[in-house]
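Engineer: Dropping in model_13.cif, with mmCIF, C-alpha atoms.
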data_structure
#
loop_
_atom_site.group_PDB
_atom_site.id
_atom_site.type_symbol
_atom_site.label_atom_id
_atom_site.label_comp_id
_atom_site.auth_asym_id
_atom_site.auth_seq_id
_atom_site.Cartn_x
_atom_site.Cartn_y
_atom_site.Cartn_z
ATOM 1 C CA MET A 9 73.894 -42.449 -50.775
ATOM 2 C CA GLU A 10 77.622 -42.928 -50.112
ATOM 3 C CA GLN A 11 77.081 -42.525 -46.385
ATOM 4 C CA ASP A 12 74.234 -44.994 -46.149
ATOM 5 C CA TRP A 13 76.468 -47.661 -44.658
ATOM 6 C CA VAL A 14 77.587 -45.242 -41.914
ATOM 7 C CA TRP A 15 73.960 -44.507 -41.009
ATOM 8 C CA GLY A 16 73.303 -48.235 -41.170
ATOM 9 C CA LEU A 17 76.129 -48.907 -38.738
ATOM 10 C CA VAL A 18 75.031 -46.110 -36.367
ATOM 11 C CA GLY A 19 71.436 -47.350 -36.484
ATOM 12 C CA GLY A 20 72.622 -50.915 -35.949
ATOM 13 C CA LEU A 21 74.572 -49.849 -32.847
ATOM 14 C CA LEU A 22 71.415 -48.146 -31.505
ATOM 15 C CA ILE A 23 69.441 -51.346 -32.151
ATOM 16 C CA GLY A 24 72.142 -53.346 -30.345
ATOM 17 C CA ALA A 25 72.026 -50.880 -27.433
ATOM 18 C CA ALA A 26 68.234 -51.260 -27.251
ATOM 19 C CA ALA A 27 68.490 -55.065 -27.221
ATOM 20 C CA GLY A 28 71.267 -54.889 -24.607
ATOM 21 C CA LEU A 29 69.264 -52.565 -22.361
ATOM 22 C CA TYR A 30 66.146 -54.740 -22.594
ATOM 23 C CA LEU A 31 68.168 -57.844 -21.724
ATOM 24 C CA LEU A 32 70.276 -56.398 -18.913
ATOM 25 C CA ALA A 33 67.569 -54.248 -17.294
ATOM 26 C CA ASN A 34 64.432 -56.311 -17.859
ATOM 27 C CA GLY A 35 65.889 -59.747 -18.498
ATOM 28 C CA ARG A 36 63.973 -59.916 -21.764
ATOM 29 C CA ILE A 37 64.878 -60.785 -25.323
ATOM 30 C CA MET A 38 64.074 -57.962 -27.715
ATOM 31 C CA GLY A 39 62.056 -59.584 -30.480
ATOM 32 C CA ALA A 40 59.500 -57.323 -32.135
ATOM 33 C CA SER A 41 57.278 -60.152 -33.415
ATOM 34 C CA GLY A 42 57.279 -61.950 -30.053
ATOM 35 C CA ILE A 43 56.533 -58.821 -28.030
ATOM 36 C CA LEU A 44 53.562 -57.929 -30.257
ATOM 37 C CA GLY A 45 52.499 -61.515 -30.969
ATOM 38 C CA GLY A 46 52.285 -62.381 -27.282
ATOM 39 C CA LEU A 47 49.702 -59.610 -26.913
ATOM 40 C CA VAL A 48 47.811 -60.644 -30.046
ATOM 41 C CA ASP A 49 47.327 -64.311 -29.101
ATOM 42 C CA GLY A 50 47.217 -63.726 -25.339
ATOM 43 C CA SER A 51 50.268 -65.896 -24.560
ATOM 44 C CA GLY A 52 52.109 -62.908 -23.087
ATOM 45 C CA ARG A 53 49.317 -61.555 -20.939
ATOM 46 C CA SER A 54 51.315 -61.830 -17.700
ATOM 47 C CA SER A 55 53.869 -59.341 -19.037
ATOM 48 C CA GLY A 56 51.311 -57.234 -20.878
ATOM 49 C CA ALA A 57 52.237 -53.849 -19.371
ATOM 50 C CA GLU A 58 55.915 -54.360 -20.140
ATOM 51 C CA ARG A 59 55.109 -55.334 -23.736
ATOM 52 C CA LEU A 60 52.792 -52.352 -24.202
ATOM 53 C CA SER A 61 55.452 -50.010 -22.793
ATOM 54 C CA PHE A 62 58.037 -51.346 -25.249
ATOM 55 C CA LEU A 63 55.633 -51.005 -28.179
ATOM 56 C CA ALA A 64 54.681 -47.472 -27.064
ATOM 57 C CA GLY A 65 58.355 -46.439 -27.200
ATOM 58 C CA LEU A 66 58.822 -48.135 -30.558
ATOM 59 C CA ILE A 67 55.771 -46.464 -32.095
ATOM 60 C CA VAL A 68 55.968 -43.000 -30.473
ATOM 61 C CA VAL A 69 59.687 -42.158 -30.620
ATOM 62 C CA PRO A 70 60.521 -42.508 -34.365
ATOM 63 C CA PRO A 71 57.886 -39.977 -35.568
ATOM 64 C CA LEU A 72 59.284 -37.468 -33.028
ATOM 65 C CA LEU A 73 62.737 -37.848 -34.588
ATOM 66 C CA VAL A 74 61.566 -37.575 -38.180
ATOM 67 C CA PRO A 75 61.624 -33.722 -38.273
ATOM 68 C CA LEU A 76 65.251 -33.706 -37.049
ATOM 69 C CA TYR A 77 66.296 -36.232 -39.585
ATOM 70 C CA ARG A 78 66.834 -36.333 -43.308
ATOM 71 C CA VAL A 79 63.881 -36.882 -45.618
ATOM 72 C CA VAL A 80 61.939 -39.941 -44.562
ATOM 73 C CA ASP A 81 59.903 -41.845 -47.087
ATOM 74 C CA THR A 82 59.088 -45.502 -46.485
ATOM 75 C CA HIS A 83 58.588 -46.018 -50.256
ATOM 76 C CA ILE A 84 55.942 -48.626 -49.452
ATOM 77 C CA THR A 85 53.736 -49.835 -52.298
ATOM 78 C CA SER A 86 50.114 -48.674 -52.552
ATOM 79 C CA ASN A 87 48.986 -52.033 -53.967
ATOM 80 C CA VAL A 88 46.441 -53.206 -51.384
ATOM 81 C CA ALA A 89 46.714 -56.902 -52.323
ATOM 82 C CA VAL A 90 50.516 -56.836 -52.053
ATOM 83 C CA ILE A 91 50.384 -55.091 -48.654
ATOM 84 C CA VAL A 92 47.803 -57.504 -47.218
ATOM 85 C CA ILE A 93 49.494 -60.667 -48.508
ATOM 86 C CA ALA A 94 52.902 -59.481 -47.272
ATOM 87 C CA GLY A 95 51.543 -58.450 -43.867
ATOM 88 C CA VAL A 96 49.770 -61.766 -43.285
ATOM 89 C CA LEU A 97 52.885 -63.711 -44.344
ATOM 90 C CA VAL A 98 55.087 -61.668 -41.990
ATOM 91 C CA GLY A 99 52.691 -62.042 -39.050
ATOM 92 C CA PHE A 100 52.048 -65.746 -39.594
ATOM 93 C CA GLY A 101 55.642 -66.669 -40.458
ATOM 94 C CA THR A 102 57.299 -64.858 -37.568
ATOM 95 C CA ARG A 103 54.943 -66.473 -35.052
ATOM 96 C CA LEU A 104 55.381 -69.940 -36.550
ATOM 97 C CA ALA A 105 59.168 -69.498 -36.434
ATOM 98 C CA ASN A 106 58.994 -67.842 -32.986
ATOM 99 C CA GLY A 107 60.999 -64.843 -34.094
ATOM 100 C CA CYS A 108 61.874 -62.282 -36.724
ATOM 101 C CA THR A 109 64.856 -60.148 -37.737
ATOM 102 C CA SER A 110 65.269 -58.713 -34.229
ATOM 103 C CA GLY A 111 64.619 -61.885 -32.201
ATOM 104 C CA HIS A 112 66.315 -64.563 -34.289
ATOM 105 C CA GLY A 113 68.616 -62.185 -36.169
ATOM 106 C CA VAL A 114 69.944 -59.677 -33.633
ATOM 107 C CA CYS A 115 69.374 -61.504 -30.340
ATOM 108 C CA GLY A 116 69.612 -65.126 -31.549
ATOM 109 C CA MET A 117 72.731 -64.944 -33.694
ATOM 110 C CA SER A 118 74.581 -62.830 -31.110
ATOM 111 C CA ARG A 119 74.126 -65.604 -28.516
ATOM 112 C CA LEU A 120 75.327 -68.092 -31.158
ATOM 113 C CA SER A 121 71.955 -69.850 -31.215
ATOM 114 C CA LEU A 122 71.653 -72.439 -33.965
ATOM 115 C CA ARG A 123 67.952 -71.578 -34.323
ATOM 116 C CA GLY A 124 68.883 -67.928 -34.826
ATOM 117 C CA PHE A 125 71.302 -68.739 -37.650
ATOM 118 C CA VAL A 126 68.939 -71.212 -39.332
ATOM 119 C CA ALA A 127 66.025 -68.741 -39.161
ATOM 120 C CA THR A 128 68.200 -65.973 -40.610
ATOM 121 C CA VAL A 129 69.341 -68.151 -43.515
ATOM 122 C CA PHE A 130 65.754 -69.082 -44.360
ATOM 123 C CA TYR A 131 64.181 -65.639 -44.047
ATOM 124 C CA LEU A 132 66.921 -64.193 -46.241
ATOM 125 C CA LEU A 133 66.296 -67.029 -48.691
ATOM 126 C CA GLY A 134 62.527 -66.373 -48.603
ATOM 127 C CA GLY A 135 63.110 -62.652 -49.162
ATOM 128 C CA GLY A 136 65.574 -63.212 -51.981
ATOM 129 C CA LEU A 137 63.197 -65.638 -53.727
ATOM 130 C CA ALA A 138 60.308 -63.180 -53.326
ATOM 131 C CA LEU A 139 62.364 -60.484 -55.074
ATOM 132 C CA VAL A 140 63.478 -62.807 -57.878
ATOM 133 C CA LEU A 141 59.938 -64.041 -58.511
ATOM 134 C CA GLY A 142 58.026 -60.860 -57.762
ATOM 135 C CA ARG A 143 60.351 -58.349 -59.387
ATOM 136 C CA HIS A 144 62.340 -60.128 -62.079
ATOM 137 C CA VAL A 145 59.928 -62.849 -63.213
ATOM 138 C CA LEU A 146 56.417 -61.484 -62.568
ATOM 139 C CA GLY A 147 57.278 -57.775 -62.331
ATOM 140 C CA VAL A 148 54.674 -57.054 -59.634
ATOM 141 C CA ILE A 149 56.874 -55.492 -56.892
ATOM 142 C CA MET B 13 60.543 -49.276 -13.424
ATOM 143 C CA ARG B 14 60.343 -52.281 -15.745
ATOM 144 C CA ASN B 15 57.838 -50.438 -17.873
ATOM 145 C CA LEU B 16 60.038 -47.339 -18.016
ATOM 146 C CA PHE B 17 63.012 -49.374 -19.230
ATOM 147 C CA ALA B 18 60.788 -51.237 -21.683
ATOM 148 C CA PHE B 19 59.652 -47.876 -23.064
ATOM 149 C CA LEU B 20 63.280 -46.668 -23.302
ATOM 150 C CA SER B 21 64.348 -49.879 -25.056
ATOM 151 C CA GLY B 22 61.477 -49.589 -27.511
ATOM 152 C CA GLY B 23 62.314 -45.946 -28.203
ATOM 153 C CA LEU B 24 65.994 -46.716 -28.744
ATOM 154 C CA PHE B 25 65.062 -49.603 -31.042
ATOM 155 C CA GLY B 26 62.759 -47.330 -33.037
ATOM 156 C CA ALA B 27 65.446 -44.641 -33.303
ATOM 157 C CA GLY B 28 67.914 -47.238 -34.582
ATOM 158 C CA LEU B 29 65.449 -48.544 -37.171
ATOM 159 C CA LEU B 30 64.814 -44.991 -38.388
ATOM 160 C CA VAL B 31 68.465 -43.885 -38.501
ATOM 161 C CA SER B 32 69.649 -47.108 -40.148
ATOM 162 C CA GLY B 33 67.146 -46.756 -42.985
ATOM 163 C CA MET B 34 65.359 -50.022 -42.175
ATOM 164 C CA VAL B 35 62.009 -48.211 -42.300
ATOM 165 C CA ASP B 36 62.716 -47.564 -46.001
ATOM 166 C CA THR B 37 61.227 -50.491 -47.898
ATOM 167 C CA ALA B 38 63.304 -49.605 -50.980
ATOM 168 C CA LYS B 39 66.542 -50.111 -49.019
ATOM 169 C CA VAL B 40 65.393 -53.447 -47.598
ATOM 170 C CA GLN B 41 64.287 -54.694 -51.013
ATOM 171 C CA GLY B 42 67.593 -53.390 -52.410
ATOM 172 C CA TRP B 43 69.422 -55.650 -49.973
ATOM 173 C CA LEU B 44 67.293 -58.707 -50.761
ATOM 174 C CA ASP B 45 67.423 -58.120 -54.514
ATOM 175 C CA VAL B 46 70.815 -59.625 -55.296
ATOM 176 C CA PHE B 47 70.081 -59.455 -59.027
ATOM 177 C CA GLY B 48 69.221 -55.742 -58.981
ATOM 178 C CA ALA B 49 71.160 -52.694 -57.744
ATOM 179 C CA TRP B 50 72.323 -54.486 -54.602
ATOM 180 C CA ASP B 51 72.396 -52.356 -51.439
ATOM 181 C CA PRO B 52 74.684 -53.693 -48.683
ATOM 182 C CA THR B 53 73.429 -51.344 -45.914
ATOM 183 C CA LEU B 54 71.557 -54.087 -44.061
ATOM 184 C CA ALA B 55 74.779 -55.998 -43.414
ATOM 185 C CA PHE B 56 76.135 -52.967 -41.526
ATOM 186 C CA VAL B 57 72.897 -52.647 -39.548
ATOM 187 C CA MET B 58 72.954 -56.320 -38.555
ATOM 188 C CA GLY B 59 76.689 -56.226 -37.796
ATOM 189 C CA GLY B 60 76.339 -53.055 -35.724
ATOM 190 C CA ALA B 61 73.599 -54.681 -33.643
ATOM 191 C CA VAL B 62 74.969 -58.231 -33.333
ATOM 192 C CA VAL B 63 78.569 -57.443 -32.314
ATOM 193 C CA PRO B 64 77.736 -55.408 -29.171
ATOM 194 C CA MET B 65 74.960 -57.880 -28.315
ATOM 195 C CA PHE B 66 77.501 -60.714 -28.374
ATOM 196 C CA PHE B 67 79.327 -59.023 -25.478
ATOM 197 C CA VAL B 68 76.069 -58.204 -23.677
ATOM 198 C CA TRP B 69 75.154 -61.926 -23.703
ATOM 199 C CA ARG B 70 78.552 -62.761 -22.177
ATOM 200 C CA LEU B 71 77.965 -60.159 -19.483
ATOM 201 C CA ALA B 72 74.470 -61.545 -18.870
ATOM 202 C CA ALA B 73 75.876 -65.079 -18.552
ATOM 203 C CA ARG B 74 77.859 -63.980 -15.491
ATOM 204 C CA ARG B 75 74.770 -62.656 -13.724
ATOM 205 C CA SER B 76 72.064 -64.573 -11.912
ATOM 206 C CA GLN B 77 69.377 -61.975 -12.651
ATOM 207 C CA SER B 78 68.803 -58.730 -14.531
ATOM 208 C CA PHE B 79 69.629 -55.327 -13.012
ATOM 209 C CA LEU B 80 65.958 -54.892 -12.110
ATOM 210 C CA GLY B 81 65.903 -58.299 -10.454
ATOM 211 C CA ASN B 82 64.117 -60.279 -13.158
ATOM 212 C CA PRO B 83 65.139 -63.740 -14.288
ATOM 213 C CA LEU B 84 67.358 -63.855 -17.365
ATOM 214 C CA PRO B 85 66.331 -65.873 -20.456
ATOM 215 C CA ARG B 86 67.011 -69.590 -20.440
ATOM 216 C CA PRO B 87 69.734 -70.937 -22.754
ATOM 217 C CA ALA B 88 68.723 -70.998 -26.416
ATOM 218 C CA ALA B 89 66.900 -74.132 -27.566
ATOM 219 C CA PRO B 90 69.074 -76.133 -29.999
ATOM 220 C CA LEU B 91 66.176 -77.761 -31.830
ATOM 221 C CA VAL B 92 65.761 -76.968 -35.515
ATOM 222 C CA ASP B 93 62.318 -78.075 -36.663
ATOM 223 C CA ARG B 94 59.946 -77.687 -39.573
ATOM 224 C CA ASN B 95 58.094 -74.754 -38.004
ATOM 225 C CA LEU B 96 61.303 -72.752 -37.700
ATOM 226 C CA VAL B 97 62.250 -73.332 -41.338
ATOM 227 C CA LEU B 98 58.753 -72.970 -42.829
ATOM 228 C CA GLY B 99 57.888 -69.958 -40.676
ATOM 229 C CA SER B 100 61.135 -68.189 -41.560
ATOM 230 C CA LEU B 101 60.642 -68.848 -45.287
ATOM 231 C CA LEU B 102 57.083 -67.448 -45.187
ATOM 232 C CA PHE B 103 58.176 -64.472 -43.105
ATOM 233 C CA GLY B 104 61.057 -63.803 -45.503
ATOM 234 C CA ALA B 105 58.712 -63.928 -48.500
ATOM 235 C CA GLY B 106 56.422 -61.322 -46.924
ATOM 236 C CA TRP B 107 59.446 -59.227 -45.923
ATOM 237 C CA GLY B 108 60.668 -59.269 -49.513
ATOM 238 C CA ILE B 109 57.274 -58.512 -51.074
ATOM 239 C CA ALA B 110 56.616 -55.371 -49.013
ATOM 240 C CA GLY B 111 60.080 -54.545 -47.601
ATOM 241 C CA LEU B 112 58.894 -54.437 -43.979
ATOM 242 C CA CYS B 113 59.577 -56.732 -41.031
ATOM 243 C CA PRO B 114 57.748 -56.348 -37.694
ATOM 244 C CA GLY B 115 60.079 -53.815 -36.005
ATOM 245 C CA PRO B 116 60.233 -51.260 -38.829
ATOM 246 C CA ALA B 117 56.507 -51.754 -39.571
ATOM 247 C CA LEU B 118 55.713 -50.602 -36.019
ATOM 248 C CA ALA B 119 58.410 -47.895 -35.977
ATOM 249 C CA SER B 120 57.009 -46.294 -39.146
ATOM 250 C CA LEU B 121 53.362 -46.519 -38.072
ATOM 251 C CA GLY B 122 53.351 -42.798 -37.204
ATOM 252 C CA PHE B 123 54.557 -41.603 -40.612
ATOM 253 C CA GLY B 124 54.016 -44.530 -42.985
ATOM 254 C CA GLY B 125 50.586 -43.490 -44.242
ATOM 255 C CA TRP B 126 47.573 -45.766 -44.710
ATOM 256 C CA GLN B 127 49.786 -48.322 -46.452
ATOM 257 C CA GLY B 128 51.910 -48.785 -43.329
ATOM 258 C CA ALA B 129 48.829 -49.004 -41.106
ATOM 259 C CA LEU B 130 47.241 -51.591 -43.413
ATOM 260 C CA PHE B 131 50.445 -53.650 -43.319
ATOM 261 C CA VAL B 132 50.445 -53.648 -39.500
ATOM 262 C CA ALA B 133 46.753 -54.650 -39.430
ATOM 263 C CA ALA B 134 47.422 -57.538 -41.842
ATOM 264 C CA MET B 135 50.462 -58.577 -39.798
ATOM 265 C CA ILE B 136 48.386 -58.683 -36.594
ATOM 266 C CA ALA B 137 45.774 -60.778 -38.430
ATOM 267 C CA GLY B 138 48.534 -63.191 -39.518
ATOM 268 C CA MET B 139 49.729 -63.412 -35.909
ATOM 269 C CA ALA B 140 46.191 -64.098 -34.705
ATOM 270 C CA ILE B 141 45.561 -66.966 -37.148
ATOM 271 C CA MET B 142 48.877 -68.661 -36.406
ATOM 272 C CA PRO B 143 47.963 -70.677 -33.268
ATOM 273 C CA PRO B 144 44.877 -72.471 -34.731
ATOM 274 C CA LEU B 145 46.621 -73.116 -38.070
ATOM 275 C CA ARG B 146 49.729 -74.366 -36.294
ATOM 276 C CA ALA B 147 47.653 -76.805 -34.297
ATOM 277 C CA ARG B 148 46.475 -78.291 -37.623
ATOM 278 C CA LEU B 149 49.990 -78.278 -39.085
ATOM 279 C CA ASP B 150 51.356 -80.065 -36.043
ATOM 280 C CA LYS B 151 48.709 -82.819 -36.134
ATOM 281 C CA GLY B 152 50.428 -86.100 -36.845
ATOM 282 C CA ASN B 153 53.770 -84.310 -36.798
ATOM 283 C CA PRO B 154 54.005 -83.014 -33.258
ATOM 284 C CA ALA B 155 56.602 -80.280 -32.950
ATOM 285 C CA ALA B 156 57.939 -79.370 -29.544
ATOM 286 C CA PRO B 157 56.257 -76.198 -28.275
ATOM 287 C CA LEU B 158 58.859 -73.476 -28.245
ATOM 288 C CA SER B 159 58.728 -69.814 -27.483
ATOM 289 C CA ASP B 160 62.064 -68.153 -27.988
ATOM 290 C CA TYR B 161 61.283 -64.581 -28.950
#
What is this structure when it is put down as structure tokens?

Structural biologist:
Amino acid sequence: MEQDWVWGLVGGLLIGAAAGLYLLANGRIMGASGILGGLVDGSGRSSGAERLSFLAGLIVVPPLLVPLYRVVDTHITSNVAVIVIAGVLVGFGTRLANGCTSGHGVCGMSRLSLRGFVATVFYLLGGGLALVLGRHVLGVI
Amino acid sequence: MRNLFAFLSGGLFGAGLLVSGMVDTAKVQGWLDVFGAWDPTLAFVMGGAVVPMFFVWRLAARRSQSFLGNPLPRPAAPLVDRNLVLGSLLFGAGWGIAGLCPGPALASLGFGGWQGALFVAAMIAGMAIMPPLRARLDKGNPAAPLSDY
């Protein structure tokens, strides 16, 4: 537990390296919701192969690393209603805002984009409120 | 070549999400839950990613195209509108409820069980219903079409 922040920093540097590589090599902004969302609604059809390649790396590589790594448990709830509501909110919200933690957070804030900072403030606020209401008031998560 | 580098970027991103602990919903909820046992890990993850990216953007600003010859992104749009604020609030609420945002949801698809797969399916459904719902939201309150990320 004490070393969690070190792993967080190392993982963060890897995420920064990934975003840097995608920008410098491909000229693209690394936003997970935009890369997937463009395939879902068809708006990113012209760069479909590139998007699929990125998603393939994102989906295939982590499970390969799991055996080398410490115990991995996502600790996700098994409450079907909670999972579905949360998933729909994440999908809908990130597309309405045109970005998520990677797009607005990592790539937006690092280029000092006002939209990136505003999005980050509001998704943190939304998450904090969800925890206050869901955990401390209603006790459902 | 573009697809190879896209695959490498995606793999590196996934490795970072795994190593940092962002695929662990308990850690993410621990960060968002300021009234519980607060877990500051996410600040180190975000800091570790944003600081090097700041310098990458400065490097990119001096170039006319990417190393593979593709155009670089246009300057960030300065407009803050209702869709940005409302969308981020809704996204944040879902992130808090389940502890997953889009990147880690995809990165943990291979080992996150049926719960993780169901989350991704629901997320894709949410993405699919956004354009028609947005068209209704924007009626009478036209927001500039933007596509940043």

Engineer: Considering all atoms listed in the file, can you say which of B:Ala119, B:Val40, B:Met34, B:Leu145 comes closest to chain A?

Structural biologist: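 Counting all atoms listed in the file, the residue closest to chain A is B:Ala119.
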
Engineer: Quick one: residues within 7 Å of range 48-60 of chain A, all atoms listed in the file, excluding same-chain residues fewer than 4 positions away - as a PyMOL selection string?

Structural biologist: (chain A and resi 43-44+64) or (chain B and resi 14-15+18+136+139-140)

Engineer: Could you check the closest approach to Phe103 in chain B for each of B:Leu30, B:Leu24, B:Gly138, B:Phe66 and tell me which residue wins, using only C-alpha atoms?

Structural biologist: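 Closest candidate: B:Gly138.
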
Engineer: Quick one: pull the distance between CA of Gly142 in chain A and CA of Ala61 in chain B, Å, one decimal.

Structural biologist: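 CA of Ala61 in chain B lies 29.4 Å from CA of Gly142 in chain A.
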
Engineer: Might you pull out every residue within 12 Å of Trp13 in chain A, with all atoms listed in the file counted and same-chain residues fewer than 6 positions away left off, and present them as number ranges by chain?

Structural biologist: A: 19-20; B: 31-34, 39, 43, 51-60

Engineer: Any chance you could export the current selection's C-alpha atoms as a PDB file, keeping the file's coordinate frame?

Structural biologist:
ATOM      1  CA  GLY A  19      71.436 -47.350 -36.484  1.00  0.00           C
ATOM      2  CA  GLY A  20      72.622 -50.915 -35.949  1.00  0.00           C
TER       3      GLY A  20
ATOM      4  CA  VAL B  31      68.465 -43.885 -38.501  1.00  0.00           C
ATOM      5  CA  SER B  32      69.649 -47.108 -40.148  1.00  0.00           C
ATOM      6  CA  GLY B  33      67.146 -46.756 -42.985  1.00  0.00           C
ATOM      7  CA  MET B  34      65.359 -50.022 -42.175  1.00  0.00           C
ATOM      8  CA  LYS B  39      66.542 -50.111 -49.019  1.00  0.00           C
ATOM      9  CA  TRP B  43      69.422 -55.650 -49.973  1.00  0.00           C
ATOM     10  CA  ASP B  51      72.396 -52.356 -51.439  1.00  0.00           C
ATOM     11  CA  PRO B  52      74.684 -53.693 -48.683  1.00  0.00           C
ATOM     12  CA  THR B  53      73.429 -51.344 -45.914  1.00  0.00           C
ATOM     13  CA  LEU B  54      71.557 -54.087 -44.061  1.00  0.00           C
ATOM     14  CA  ALA B  55      74.779 -55.998 -43.414  1.00  0.00           C
ATOM     15  CA  PHE B  56      76.135 -52.967 -41.526  1.00  0.00           C
ATOM     16  CA  VAL B  57      72.897 -52.647 -39.548  1.00  0.00           C
ATOM     17  CA  MET B  58      72.954 -56.320 -38.555  1.00  0.00           C
ATOM     18  CA  GLY B  59      76.689 -56.226 -37.796  1.00  0.00           C
ATOM     19  CA  GLY B  60      76.339 -53.055 -35.724  1.00  0.00           C
TER      20      GLY B  60
END

Engineer: Given all atoms listed in the file as the basis, pick out the residue of A:Gly16, A:Gly134, A:Gly45, A:Gly65 nearest to Asn106 in chain A.

Structural biologist: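 Selected residue with least distance to Asn106 in chain A: A:Gly45.
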
Engineer: Between B:Phe79, B:Met142, B:Pro116, B:Gln127, which is the closest to Gly28 in chain B once you count only C-alpha atoms?

Structural biologist: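 The closest residue to Gly28 in chain B is B:Pro116.
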
Engineer: Measuring between only C-alpha atoms, which one of A:Gly39, A:Gly46, A:Gly24, A:Gly135 shows the shortest distance to Ala94 in chain A?

Structural biologist: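 Looking only at the distances to Ala94 in chain A, the closest residue turns out to be A:Gly135.
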
Engineer: Just how far from CA of Val46 in chain B is CA of Tyr77 in chain A, in Å to one decimal?

Structural biologist: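 Taking CA of Tyr77 in chain A and CA of Val46 in chain B, their separation equals 28.5 Å.
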
Engineer: With distances taken over only C-alpha atoms, which of A:Val129, A:Leu76, A:Ala138, A:Leu66 is nearest to Leu97 in chain A?

Structural biologist: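 The closest residue to Leu97 in chain A is A:Ala138.
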
Engineer: Would you pick out the contacts of Ile37 in chain A at 10 Å or less, using only C-alpha atoms, so that residues sharing its chain but fewer than 5 positions from it are not included, and give the list as a PyMOL selection string?

Structural biologist: (chain A and resi 27-32+42-43+110-112+114-116) or (chain B and resi 84-85+160-161)

Engineer: Contacts of Phe123 in chain B at 12 Å or less, counting all atoms listed in the file, minus same-chain residues fewer than 6 places along, as number ranges by chain?

Structural biologist: A: 67-75, 79-84; B: 30, 35-36, 116-117, 129

Engineer: Please write the residues from the selection above to a file, keeping C-alpha atoms, as a CSV table (one decimal), in the frame of the given file.

Structural biologist:
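Saved file selection_7.csv follows:
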chain,number,residue,atom,x,y,z
A,67,ILE,CA,55.8,-46.5,-32.1
A,68,VAL,CA,56.0,-43.0,-30.5
A,69,VAL,CA,59.7,-42.2,-30.6
A,70,PRO,CA,60.5,-42.5,-34.4
A,71,PRO,CA,57.9,-40.0,-35.6
A,72,LEU,CA,59.3,-37.5,-33.0
A,73,LEU,CA,62.7,-37.8,-34.6
A,74,VAL,CA,61.6,-37.6,-38.2
A,75,PRO,CA,61.6,-33.7,-38.3
A,79,VAL,CA,63.9,-36.9,-45.6
A,80,VAL,CA,61.9,-39.9,-44.6
A,81,ASP,CA,59.9,-41.8,-47.1
A,82,THR,CA,59.1,-45.5,-46.5
A,83,HIS,CA,58.6,-46.0,-50.3
A,84,ILE,CA,55.9,-48.6,-49.5
B,30,LEU,CA,64.8,-45.0,-38.4
B,35,VAL,CA,62.0,-48.2,-42.3
B,36,ASP,CA,62.7,-47.6,-46.0
B,116,PRO,CA,60.2,-51.3,-38.8
B,117,ALA,CA,56.5,-51.8,-39.6
B,129,ALA,CA,48.8,-49.0,-41.1

Engineer: Quote the spacing between CA of Arg75 in chain B and CA of Ser118 in chain A in Å to one decimal place.

Structural biologist: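 Atom-to-atom, CA of Arg75 in chain B and CA of Ser118 in chain A are spaced 17.4 Å apart.
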
Engineer: Please enumerate the residues selected by the PyMOL selection byres ((chain A and resi 127) around 8) when evaluated against the supplied file, formatted as an MDAnalysis selection string.

Structural biologist: (chainID A and resid 105 112:113 123:126 128:131) or (chainID B and resid 96:97 100)

Engineer: Got a sec: who's within 9 Å of Leu16 in chain B, counting all atoms listed in the file, leaving out chain neighbours fewer than 5 positions off, as a PDB file with C-alpha atoms, keeping the file's coordinate frame?

Structural biologist:
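Contents of the output file result-v5.pdb:
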ATOM      1  CA  GLU A  58      55.915 -54.360 -20.140  1.00  0.00           C
ATOM      2  CA  SER A  61      55.452 -50.010 -22.793  1.00  0.00           C
ATOM      3  CA  PHE A  62      58.037 -51.346 -25.249  1.00  0.00           C
TER       4      PHE A  62
ATOM      5  CA  SER B  21      64.348 -49.879 -25.056  1.00  0.00           C
TER       6      SER B  21
END

Engineer: Can you translate the PyMOL selection byres ((chain A and resi 95) around 7) into the concrete residues it hits in this file, as a PyMOL selection string?

Structural biologist: (chain A and resi 91-94+96-99) or (chain B and resi 106+131-132+134-135)
